[in-house]
2 protein chains.
Amino acid sequence: MFPYIYIMSTGSHIHTLSEENYLKVIYHLGKDAKVKISPTAIAEALNNNPASVVDMLKKLVDKKLILYEKTKGVKLTDKGKKSALLIIRKHRLWEVFLLEKLEYSWDEVHEIAEQLEHIHNPQLADRLDKFLGFPQYDPHGDPIPSASGEMADIYKTILSEVTEGRTCQVVGVKDTSSSFLQYLKKLDIGIGTKITLIEKIPFDNSVIVSVKNGPNTTVSKLFADSLLVHE
Amino acid sequence: MFPYIYIMSTGSHIHTLSEENYLKVIYHLGKDAKVKISPTAIAEALNNNPASVVDMLKKLVDKKLILYEKTKGVKLTDKGKKSALLIIRKHRLWEVFLLEKLEYSWDEVHEIAEQLEHIHNPQLADRLDKFLGFPQYDPHGDPIPSASGEMADIYKTILSEVTEGRTCQVVGVKDTSSSFLQYLKKLDIGIGTKITLIEKIPFDNSVIVSVKNGPNTTVSKLFADSLLVHE
DNA sequence: GAATATTTTTAGTCTTGCCTAATTTTGTGG
DNA sequence: CCACAAAATTAGGCAAGACTAAAAATATTC
Ligand SMILES: [Mn+2]
Ligand SMILES: [Mn+2]
Ligand SMILES: [Mn+2]
Ligand SMILES: [Mn+2]
């Protein structure tokens, strides 16, 4: 009556919730730098035990999702990387959904997306993507991988670093306090909003901007330091 | 880094995925009739084994979600019923979302909602409800429980049973074939669409209707038998 | 290069949720 | 009430995914 039936589309395999979380963590650790991805590092990220990690690494090797050579550390196979990117894609798309459609705030969306990223359906990510208007960045300014698994580099900086005269696009926030978020709402600034940096005032480092090509507004240095943008 | 942290709101407890599926099945079995809800019946609904069911029933009794007296069968406590209704509420709201916003068809939504119903967040159901415009019925014509756990009775009938001159509202479909669904789309009929039954033609039982108070259209008996409505 | 510190791996358990097989309880027809 | 069938329960196990403690392998340091 209520069995879970998954129809596998070509090449797409279903992994357990736990496996998916490992793949995602391994992907993120690999992005950071060329640091060796060790059981200890993974355990730290997953908030569990190195011994548990070793157990799971064996399973992931068997399933050809990772390569693991002792002393060389862990590396995702193409298959593993593809799976990881789909999970990240779903995570970030759901975050946009929660923020834009369900009016959650920037700091609430992550925890719920942590659950939603594990919903399986062949068309789900693409339909959600379309419904949201193909957003490029999630509410924290991180790029959303494309359907084919490509992910834009992160060029985000803070508003105060933008060159005078240039227009940038809001990709996220550094501060998630409700006072900041409310101020953003008041200024009609959200993800994707275009802001032109008119002038920087040397006296107190405040910044004159134009939101959506509207009238000039002055914002504080604190404000300009808290807004993540993409030139 | 990626732990699941749930903030429990007053009185709301988090159950495991398995527990939730048991609660939902027990609720549905209890609705049907005053048949005794036995381990065997539950096992059949969950497509598992009576011995497994007995194990779980003990846990549910411990957690005060059900009452279980041998020979009398299983009954949800108020706490258990409340949890079951929230799961059903989420299930049906997500089905509406998938149909209306992500353009899934009537027969695809159930399987995905089976997963989505288990996403936990104190405000999620209510925000989704608001976003969807407080729908009263899911795509299969079943009523959506309110935030407080009340659920309308099902008064749905087929369009062909509606009295001449009366207006009804579409609550679901009996046929989920794509040919039927495409025809519905062509006629601009969806969930909640108001249809007035103008006249029944005795010759071939076809029916003249007005969709959204628009011009009269004639539909076949087969069509009128396949559309679930609520007078 | 030996001694020590750190990391990784193994070994042995635990819990959850399921299973099969065996046993007990309950229900029914005569 | 007795015999038999059906349903419920118990007993014993298994796989996944976690844990602790101990052993083995690597890295560091003097
Ligand atoms: Mn996130
Ligand atoms: Mn996750
Ligand atoms: Mn359903
Ligand atoms: Mn379910």
# chains A, B, ... in the order shown; residues from 1 in each chain; ligands from 1

call {"tool": "residues_near_ligand", "arguments": {"ligand": "ligand 1", "cutoff": "8 Å", "atoms": "only C-alpha atoms (C1' of nucleotides) and all ligand atoms", "output": "PyMOL selection string"}}
result
chain A and resi 91-92+95+109-111+113-114+140

call {"tool": "write_last_selection", "arguments": {"atoms": "N, CA and C atoms", "output": "tab-separated table (two decimals), in the first residue's frame"}}
result
chain	number	residue	atom	x	y	z
A	91	HIS	N	20.05	20.66	-2.75
A	91	HIS	CA	20.14	21.42	-1.50
A	91	HIS	C	19.96	22.91	-1.76
A	92	ARG	N	20.70	23.42	-2.71
A	92	ARG	CA	20.70	24.87	-2.95
A	92	ARG	C	19.41	25.35	-3.60
A	95	GLU	N	16.90	25.54	-0.95
A	95	GLU	CA	17.12	26.73	-0.11
A	95	GLU	C	16.50	27.97	-0.74
A	109	VAL	N	16.99	28.30	6.30
A	109	VAL	CA	16.81	27.41	5.16
A	109	VAL	C	17.74	26.20	5.13
A	110	HIS	N	18.93	26.36	5.65
A	110	HIS	CA	19.92	25.29	5.52
A	110	HIS	C	19.48	23.98	6.17
A	111	GLU	N	18.99	24.11	7.38
A	111	GLU	CA	18.60	22.91	8.14
A	111	GLU	C	17.50	22.11	7.43
A	113	ALA	N	16.82	22.30	4.16
A	113	ALA	CA	17.38	21.80	2.89
A	113	ALA	C	18.22	20.55	3.12
A	114	GLU	N	18.77	20.45	4.32
A	114	GLU	CA	19.57	19.28	4.68
A	114	GLU	C	18.71	18.00	4.60
A	140	HIS	N	23.08	31.83	0.27
A	140	HIS	CA	24.34	32.15	0.93
A	140	HIS	C	25.41	32.52	-0.08

call {"tool": "residues_around", "arguments": {"residues": "range 176-193 of chain A", "least_positions_apart": "2", "cutoff": "10 Å", "atoms": "only C-alpha atoms (C1' of nucleotides)", "output": "VMD selection string"}}
result
chain A and resid 96 99 to 100 105 to 108 135 to 141 168 to 174 195 211 to 212 217 223 226 to 230

call {"tool": "write_last_selection", "arguments": {"atoms": "C-alpha atoms", "output": "tab-separated table (two decimals), in the first residue's frame"}}
result
chain	number	residue	atom	x	y	z
A	96	VAL	CA	16.05	29.22	-2.74
A	99	LEU	CA	13.55	31.62	1.11
A	100	GLU	CA	11.67	32.98	-1.87
A	105	SER	CA	14.96	33.63	6.46
A	106	TRP	CA	18.51	33.13	5.23
A	107	ASP	CA	19.56	31.34	8.38
A	108	GLU	CA	16.61	28.94	8.59
A	135	PRO	CA	18.56	30.79	-10.07
A	136	GLN	CA	22.35	30.91	-10.26
A	137	TYR	CA	23.13	31.27	-6.55
A	138	ASP	CA	21.68	30.03	-3.29
A	139	PRO	CA	20.80	32.37	-0.40
A	140	HIS	CA	24.34	32.15	0.93
A	141	GLY	CA	25.90	33.19	-2.33
A	168	CYS	CA	26.95	43.95	-9.08
A	169	GLN	CA	24.36	41.39	-8.19
A	170	VAL	CA	23.44	40.26	-4.69
A	171	VAL	CA	24.30	36.61	-4.15
A	172	GLY	CA	24.01	36.26	-0.39
A	173	VAL	CA	24.59	37.64	3.06
A	174	LYS	CA	27.36	37.31	5.60
A	195	ILE	CA	23.18	47.25	-7.16
A	211	VAL	CA	19.39	49.73	-6.00
A	212	LYS	CA	17.79	48.44	-9.21
A	217	THR	CA	21.00	55.67	-1.16
A	223	PHE	CA	26.14	47.19	5.80
A	226	SER	CA	27.70	42.22	5.23
A	227	LEU	CA	26.32	41.91	1.73
A	228	LEU	CA	27.79	39.32	-0.63
A	229	VAL	CA	27.77	40.28	-4.28
A	230	HIS	CA	28.98	39.04	-7.61

call {"tool": "residues_near_ligand", "arguments": {"ligand": "ligand 4", "cutoff": "9 Å", "atoms": "only C-alpha atoms (C1' of nucleotides) and all ligand atoms", "output": "ChimeraX atom specification"}}
result
/A:2-4 /B:17-18,20-22,24,87,91,111,113-118

call {"tool": "interface_residues", "arguments": {"of": "chain A", "to": "chain C", "cutoff": "12 Å", "atoms": "only C-alpha atoms (C1' of nucleotides)", "output": "VMD selection string"}}
result
chain A and resid 38 to 41 49 to 55 57 to 58 69 to 71 73

call {"tool": "atom_distance", "arguments": {"atom1": "CA of Ile42 in chain A", "atom2": "CA of Val25 in chain A"}}
result
6.9 Å

call {"tool": "interface_residues", "arguments": {"of": "chain D", "to": "chain A", "cutoff": "12 Å", "atoms": "only C-alpha atoms (C1' of nucleotides)", "output": "VMD selection string"}}
result
chain D and resid 16 to 21 25 to 27
